[in-house]
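Asks: Input file: data-v4.cif. Contents: mmCIF, C-alpha atoms and all ligand atoms.
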```
data_target
#
loop_
_atom_site.group_PDB
_atom_site.id
_atom_site.type_symbol
_atom_site.label_atom_id
_atom_site.label_comp_id
_atom_site.auth_asym_id
_atom_site.auth_seq_id
_atom_site.Cartn_x
_atom_site.Cartn_y
_atom_site.Cartn_z
ATOM 1 C CA MET Y 1 27.696 -21.894 -34.345
ATOM 2 C CA TYR Y 2 27.162 -19.620 -31.338
ATOM 3 C CA LYS Y 3 28.462 -16.066 -31.197
ATOM 4 C CA ASP Y 4 28.107 -14.667 -27.677
ATOM 5 C CA LEU Y 5 26.722 -11.141 -27.498
ATOM 6 C CA ARG Y 6 26.396 -8.506 -24.828
ATOM 7 C CA TYR Y 7 22.651 -8.070 -24.209
ATOM 8 C CA ASN Y 8 22.489 -4.694 -25.968
ATOM 9 C CA GLU Y 9 24.911 -5.352 -28.800
ATOM 10 C CA LEU Y 10 22.365 -5.657 -31.610
ATOM 11 C CA SER Y 11 19.629 -3.481 -30.082
ATOM 12 C CA LYS Y 12 19.041 -1.463 -33.249
ATOM 13 C CA GLU Y 13 18.657 -4.546 -35.417
ATOM 14 C CA MET Y 14 16.505 -6.218 -32.751
ATOM 15 C CA LEU Y 15 14.125 -3.234 -32.459
ATOM 16 C CA GLU Y 16 13.829 -2.858 -36.204
ATOM 17 C CA GLN Y 17 12.776 -6.482 -36.517
ATOM 18 C CA LEU Y 18 10.609 -6.469 -33.369
ATOM 19 C CA GLU Y 19 8.082 -4.086 -34.889
ATOM 20 C CA LYS Y 20 7.687 -6.574 -37.745
ATOM 21 C CA GLY Y 21 7.670 -9.541 -35.356
ATOM 22 C CA ALA Y 22 9.799 -11.892 -33.277
ATOM 23 C CA PHE Y 23 9.018 -15.197 -31.564
ATOM 24 C CA LEU Y 24 8.295 -15.577 -27.841
ATOM 25 C CA THR Y 25 8.894 -19.231 -27.000
ATOM 26 C CA THR Y 26 7.681 -20.963 -23.846
ATOM 27 C CA LYS Y 27 7.935 -24.451 -22.361
ATOM 28 C CA VAL Y 28 5.855 -26.090 -19.653
ATOM 29 C CA LYS Y 29 6.587 -29.755 -18.943
ATOM 30 C CA ASP Y 30 6.686 -31.354 -22.418
ATOM 31 C CA LYS Y 31 4.723 -28.641 -24.200
ATOM 32 C CA ILE Y 32 6.557 -26.021 -26.236
ATOM 33 C CA ASN Y 33 4.746 -23.088 -27.835
ATOM 34 C CA THR Y 34 5.783 -19.941 -29.649
ATOM 35 C CA MET Y 35 3.869 -16.787 -30.527
ATOM 36 C CA THR Y 36 4.659 -13.673 -32.503
ATOM 37 C CA ILE Y 37 5.264 -10.485 -30.536
ATOM 38 C CA ALA Y 38 5.864 -6.948 -31.688
ATOM 39 C CA TRP Y 39 5.675 -5.067 -28.407
ATOM 40 C CA GLY Y 40 8.462 -5.006 -25.859
ATOM 41 C CA GLY Y 41 12.162 -4.405 -25.711
ATOM 42 C CA ILE Y 42 15.187 -4.340 -23.461
ATOM 43 C CA ASN Y 43 15.141 -2.492 -20.136
ATOM 44 C CA TYR Y 44 17.815 -2.146 -17.475
ATOM 45 C CA VAL Y 45 16.418 -2.417 -13.953
ATOM 46 C CA TRP Y 46 17.653 -3.590 -10.545
ATOM 47 C CA GLY Y 47 21.121 -3.769 -12.030
ATOM 48 C CA LYS Y 48 19.984 -6.374 -14.561
ATOM 49 C CA PRO Y 49 19.221 -6.374 -18.275
ATOM 50 C CA VAL Y 50 15.657 -7.581 -18.884
ATOM 51 C CA PHE Y 51 13.629 -8.313 -21.993
ATOM 52 C CA VAL Y 52 10.137 -6.924 -21.399
ATOM 53 C CA THR Y 53 7.192 -8.452 -23.236
ATOM 54 C CA TYR Y 54 3.424 -7.789 -23.351
ATOM 55 C CA VAL Y 55 1.087 -10.806 -23.394
ATOM 56 C CA ARG Y 56 -2.722 -10.612 -23.440
ATOM 57 C CA TYR Y 57 -4.718 -12.793 -21.056
ATOM 58 C CA SER Y 58 -6.386 -14.571 -23.983
ATOM 59 C CA ARG Y 59 -3.135 -16.104 -25.294
ATOM 60 C CA ASP Y 60 -2.132 -19.691 -24.692
ATOM 61 C CA THR Y 61 1.278 -18.118 -24.102
ATOM 62 C CA TYR Y 62 -0.181 -16.327 -21.078
ATOM 63 C CA GLU Y 63 -0.935 -19.705 -19.459
ATOM 64 C CA MET Y 64 2.533 -20.908 -20.430
ATOM 65 C CA MET Y 65 4.209 -17.831 -18.920
ATOM 66 C CA GLU Y 66 2.243 -18.247 -15.696
ATOM 67 C CA ASN Y 67 3.286 -21.890 -15.383
ATOM 68 C CA GLY Y 68 6.787 -21.768 -16.833
ATOM 69 C CA GLN Y 69 8.648 -18.799 -15.256
ATOM 70 C CA GLU Y 70 10.970 -18.399 -18.264
ATOM 71 C CA TYR Y 71 10.986 -17.740 -22.004
ATOM 72 C CA THR Y 72 13.196 -17.198 -24.988
ATOM 73 C CA ILE Y 73 12.985 -14.378 -27.508
ATOM 74 C CA ASN Y 74 13.925 -15.496 -31.005
ATOM 75 C CA VAL Y 75 14.551 -12.744 -33.531
ATOM 76 C CA PRO Y 76 14.852 -13.423 -37.247
ATOM 77 C CA LEU Y 77 17.146 -10.854 -38.835
ATOM 78 C CA ASN Y 78 17.154 -9.774 -42.490
ATOM 79 C CA ASN Y 79 13.324 -9.784 -42.527
ATOM 80 C CA ASN Y 80 13.284 -13.610 -42.638
ATOM 81 C CA LEU Y 81 10.479 -16.017 -41.645
ATOM 82 C CA LYS Y 82 7.599 -13.707 -42.615
ATOM 83 C CA LYS Y 83 5.207 -16.593 -43.274
ATOM 84 C CA GLU Y 84 6.028 -18.216 -39.930
ATOM 85 C CA LEU Y 85 5.589 -14.901 -38.073
ATOM 86 C CA GLY Y 86 2.151 -14.623 -39.660
ATOM 87 C CA PHE Y 87 1.208 -18.172 -38.697
ATOM 88 C CA CYS Y 88 2.462 -17.945 -35.109
ATOM 89 C CA GLY Y 89 0.766 -14.551 -34.784
ATOM 90 C CA THR Y 90 -2.692 -15.789 -35.758
ATOM 91 C CA LYS Y 91 -2.887 -19.421 -34.616
ATOM 92 C CA SER Y 92 -2.975 -20.573 -31.015
ATOM 93 C CA GLY Y 93 -0.930 -23.250 -29.305
ATOM 94 C CA ARG Y 94 -4.269 -24.529 -28.018
ATOM 95 C CA ASP Y 95 -5.125 -25.648 -31.571
ATOM 96 C CA TYR Y 96 -1.765 -26.187 -33.278
ATOM 97 C CA ASP Y 97 1.718 -27.476 -32.584
ATOM 98 C CA LYS Y 98 3.155 -24.333 -34.170
ATOM 99 C CA ILE Y 99 6.785 -25.436 -33.879
ATOM 100 C CA ASN Y 100 6.016 -28.552 -35.872
ATOM 101 C CA GLU Y 101 3.729 -26.818 -38.391
ATOM 102 C CA CYS Y 102 6.492 -24.295 -39.150
ATOM 103 C CA GLY Y 103 9.140 -27.010 -39.398
ATOM 104 C CA PHE Y 104 11.253 -25.271 -36.776
ATOM 105 C CA THR Y 105 14.350 -26.878 -35.290
ATOM 106 C CA LEU Y 106 14.743 -26.428 -31.535
ATOM 107 C CA LEU Y 107 18.041 -26.083 -29.729
ATOM 108 C CA GLU Y 108 18.318 -26.420 -25.957
ATOM 109 C CA GLY Y 109 18.619 -23.227 -23.975
ATOM 110 C CA ARG Y 110 22.091 -22.699 -22.533
ATOM 111 C CA THR Y 111 20.953 -21.217 -19.203
ATOM 112 C CA ILE Y 112 17.266 -22.212 -19.007
ATOM 113 C CA LYS Y 113 15.101 -25.205 -19.931
ATOM 114 C CA THR Y 114 13.199 -23.382 -22.684
ATOM 115 C CA PRO Y 115 14.651 -23.939 -26.171
ATOM 116 C CA VAL Y 116 15.409 -21.483 -28.967
ATOM 117 C CA ILE Y 117 14.379 -21.661 -32.620
ATOM 118 C CA ALA Y 118 17.445 -22.443 -34.715
ATOM 119 C CA GLU Y 119 15.994 -20.782 -37.838
ATOM 120 C CA CYS Y 120 16.234 -17.374 -36.086
ATOM 121 C CA GLU Y 121 19.544 -15.588 -35.812
ATOM 122 C CA LEU Y 122 19.357 -13.581 -32.576
ATOM 123 C CA HIS Y 123 18.343 -15.073 -29.217
ATOM 124 C CA PHE Y 124 17.680 -13.995 -25.640
ATOM 125 C CA GLU Y 125 17.166 -16.471 -22.785
ATOM 126 C CA CYS Y 126 15.043 -14.946 -20.015
ATOM 127 C CA LYS Y 127 13.974 -15.791 -16.452
ATOM 128 C CA ILE Y 128 10.828 -14.014 -15.255
ATOM 129 C CA ILE Y 129 11.717 -11.794 -12.288
ATOM 130 C CA TYR Y 130 8.646 -9.534 -12.255
ATOM 131 C CA LYS Y 131 5.271 -9.192 -13.906
ATOM 132 C CA GLN Y 132 2.651 -6.528 -13.853
ATOM 133 C CA ALA Y 133 -1.002 -6.586 -14.878
ATOM 134 C CA MET Y 134 -1.997 -3.442 -16.731
ATOM 135 C CA GLU Y 135 -3.964 -1.072 -14.562
ATOM 136 C CA PRO Y 136 -7.008 -0.123 -16.689
ATOM 137 C CA GLY Y 137 -7.468 3.168 -14.823
ATOM 138 C CA MET Y 138 -4.008 4.320 -15.915
ATOM 139 C CA ILE Y 139 -4.551 3.829 -19.653
ATOM 140 C CA PRO Y 140 -5.527 6.882 -21.734
ATOM 141 C CA LYS Y 141 -9.107 6.713 -23.057
ATOM 142 C CA GLU Y 142 -8.181 6.647 -26.747
ATOM 143 C CA ILE Y 143 -5.715 3.772 -26.240
ATOM 144 C CA LYS Y 144 -8.235 1.884 -24.145
ATOM 145 C CA GLU Y 145 -10.904 2.255 -26.824
ATOM 146 C CA ARG Y 146 -8.540 1.232 -29.585
ATOM 147 C CA TYR Y 147 -6.805 -1.724 -27.922
ATOM 148 C CA TYR Y 148 -8.868 -2.886 -24.945
ATOM 149 C CA SER Y 149 -12.556 -2.519 -25.783
ATOM 150 C CA ASN Y 150 -12.940 -6.243 -24.941
ATOM 151 C CA ASN Y 151 -10.998 -5.930 -21.636
ATOM 152 C CA ASP Y 152 -8.286 -8.297 -22.931
ATOM 153 C CA TYR Y 153 -5.439 -6.405 -21.291
ATOM 154 C CA HIS Y 154 -1.743 -7.237 -21.436
ATOM 155 C CA VAL Y 155 0.329 -8.623 -18.630
ATOM 156 C CA ILE Y 156 3.829 -7.168 -18.762
ATOM 157 C CA TYR Y 157 6.595 -9.695 -18.082
ATOM 158 C CA TYR Y 158 10.128 -8.773 -17.115
ATOM 159 C CA GLY Y 159 12.554 -11.540 -18.050
ATOM 160 C CA GLU Y 160 16.111 -11.211 -16.824
ATOM 161 C CA ILE Y 161 18.368 -11.850 -19.806
ATOM 162 C CA THR Y 162 20.530 -14.762 -18.707
ATOM 163 C CA ASP Y 163 22.143 -15.295 -22.117
ATOM 164 C CA SER Y 164 22.182 -13.607 -25.521
ATOM 165 C CA TYR Y 165 23.797 -14.822 -28.705
ATOM 166 C CA LEU Y 166 23.686 -15.116 -32.458
ATOM 167 C CA LEU Y 167 23.263 -18.470 -34.127
ATOM 168 C CA LYS Y 168 24.974 -18.627 -37.460
ATOM 169 C CA GLY Y 169 24.977 -21.350 -40.089
ATOM 170 C CA GLU Y 170 28.189 -23.311 -40.494
HETATM 171 C C1 LIG H 1 3.087 -8.970 -35.939
HETATM 172 C C2 LIG H 1 2.323 -9.474 -34.730
HETATM 173 C C3 LIG H 1 2.676 -9.025 -33.472
HETATM 174 C C4 LIG H 1 2.000 -9.458 -32.316
HETATM 175 N N1 LIG H 1 2.379 -8.994 -31.089
HETATM 176 C C5 LIG H 1 1.741 -9.434 -29.970
HETATM 177 C C6 LIG H 1 2.169 -8.975 -28.678
HETATM 178 O O1 LIG H 1 3.146 -8.224 -28.520
HETATM 179 N N2 LIG H 1 1.457 -9.427 -27.592
HETATM 180 C C7 LIG H 1 0.382 -10.271 -27.706
HETATM 181 O O2 LIG H 1 -0.232 -10.643 -26.691
HETATM 182 N N3 LIG H 1 -0.014 -10.738 -28.928
HETATM 183 C C8 LIG H 1 0.646 -10.347 -30.053
HETATM 184 N N4 LIG H 1 0.259 -10.812 -31.282
HETATM 185 C C9 LIG H 1 -0.833 -11.799 -31.387
HETATM 186 C C10 LIG H 1 -0.420 -13.243 -31.008
HETATM 187 O O3 LIG H 1 0.814 -13.584 -31.632
HETATM 188 C C11 LIG H 1 -1.518 -14.216 -31.472
HETATM 189 O O4 LIG H 1 -2.725 -13.937 -30.784
HETATM 190 C C12 LIG H 1 -1.140 -15.685 -31.284
HETATM 191 O O5 LIG H 1 -2.022 -16.465 -32.053
HETATM 192 C C13 LIG H 1 -1.157 -16.150 -29.819
HETATM 193 O O6 LIG H 1 -0.732 -17.471 -29.779
HETATM 194 P P1 LIG H 1 -0.929 -18.413 -28.510
HETATM 195 O O7 LIG H 1 -2.426 -18.502 -28.240
HETATM 196 O O8 LIG H 1 -0.354 -19.731 -28.959
HETATM 197 O O9 LIG H 1 -0.178 -17.801 -27.375
HETATM 198 C C14 LIG H 1 0.930 -10.389 -32.452
HETATM 199 C C15 LIG H 1 0.586 -10.864 -33.733
HETATM 200 C C16 LIG H 1 1.274 -10.428 -34.857
HETATM 201 C C17 LIG H 1 0.893 -10.958 -36.216
#
```
Before anything else, please render the file you have as structure tokens.
Replies:
Amino acid sequence: MYKDLRYNELSKEMLEQLEKGAFLTTKVKDKINTMTIAWGGINYVWGKPVFVTYVRYSRDTYEMMENGQEYTINVPLNNNLKKELGFCGTKSGRDYDKINECGFTLLEGRTIKTPVIAECELHFECKIIYKQAMEPGMIPKEIKERYYSNNDYHVIYYGEITDSYLLKGE
């Protein structure tokens, strides 16, 4: 059952879960992948709500984002799906069909072609409207040393939120 939400309605719950992990799901042709994210959040820019997400170049998801132009953010609430967040945060879509391995059920997106994971409660459908490669010269030295010693920087994606809703069991 769908419960429509305004994009910012469950921001507190979303941010509390995001630091533990949420799923970033992508689709290119017949391939669907999902990876765990903890960085990002909702911005308001150009008169639009956007879900911003940070993806390193090394991720299979990076290739998917470059070729797909859209994504869904799937947030488990109540601290659910810990095992699956661990799996999707350590294994790559290059080596595993993570959706299948986790036994996830996919539901079609309502406004985009990328599906959502039915086992999660809160969902955002997003169309990429901007992206930005991190500028290494702008990153403080201590952060660079801690996070980017291998030069695997993040690309920052801005996905316009085209739909947001809760999925609840019958
Ligand atoms: C809790 C948690 C949060 C993570 N957050 C991010 C993130 O925000 N951005 C990122 O690029 N990788 C993040 N990762 C790592 C990716 O999820 C991981 O490298 C994953 O295997 C990439 O999958 P892919 O190659 O199928 O895209 C996180 C991992 C965990 C466990």
Asks: State, in Å with one decimal place, the distance from atom CA of Glu63 of chain Y to atom O7 of ligand LIG 1 (chain H).
Replies: 9.0 Å
Asks: Would you please work out which residue, of Y:Asp152, Y:Glu9, Y:Glu125, Y:Glu142, is nearest to ligand LIG 1 (chain H) when using all atoms listed in the file?
Replies: Y:Asp152
Asks: Written as number ranges by chain, what is the full residue list that the PyMOL selection byres (((chain Y and resi 108) around 12) and not hetatm) yields on the file shown?
Replies: Y: 25, 27, 32, 72, 105-107, 109-118, 123, 125
Asks: Could you list, as a ChimeraX atom specification, all protein and nucleic acid residues with an atom at most 9 Å from ligand LIG 1 (chain H), counting only C-alpha atoms and all ligand atoms?
Replies: /Y:18-24,33-40,53-64,85-98,153-155
Asks: Would you mind telling me which residue in Y:Asn80, Y:Ser11, Y:Thr26, Y:Asn150 lies nearest to Glu66 of chain Y when using all atoms listed in the file?
Replies: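 The answer is Y:Thr26, which sits nearest to Glu66 of chain Y.
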Asks: With only C-alpha atoms as the atoms that count, which of Y:Glu121, Y:Pro140, Y:Gly68, Y:Asn100 lies nearest to Lys3 of chain Y?
Replies: Y:Glu121
Asks: Between Y:Ser149, Y:Asn67, Y:Gln132, Y:Asn8, which has the minimum distance to Phe51 of chain Y (counting all atoms listed in the file)?
Replies: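 Looking only at the distances to Phe51 of chain Y, the closest residue turns out to be Y:Asn8.
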Asks: Interatomic distance between atom CA of Cys126 of chain Y and atom CA of Tyr148 of chain Y?
Replies: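 Result for atom CA of Cys126 of chain Y versus atom CA of Tyr148 of chain Y: 27.2 Å, one decimal.
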Asks: Of the residues Y:Ile129, Y:Val28, Y:Leu10, Y:Leu122, which is the one nearest to Leu77 of chain Y, using only C-alpha atoms?
Replies: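 The closest residue to Leu77 of chain Y is Y:Leu122.
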Asks: Quick one: which residues end up in the PyMOL selection byres (((chain Y and resi 159) around 9) and not hetatm) for this structure, as a PyMOL selection string?
Replies: chain Y and resi 49-53+69-72+125-131+157-158+160-162
Asks: What is the distance, in Å and to one decimal place, between atom CA of Asn78 of chain Y and atom CA of Asn43 of chain Y?
Replies: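 Atom-to-atom, atom CA of Asn78 of chain Y to atom CA of Asn43 of chain Y, that is 23.6 Å.
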Asks: Rank Y:Leu5, Y:Leu15, Y:Met134, Y:Val45 by their smallest atom-to-atom distance to Pro76 of chain Y, using all atoms listed in the file, and report the top residue only.
Replies: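 Going through Y:Leu5, Y:Leu15, Y:Met134, Y:Val45 one by one, the smallest distance to Pro76 of chain Y is for Y:Leu15.
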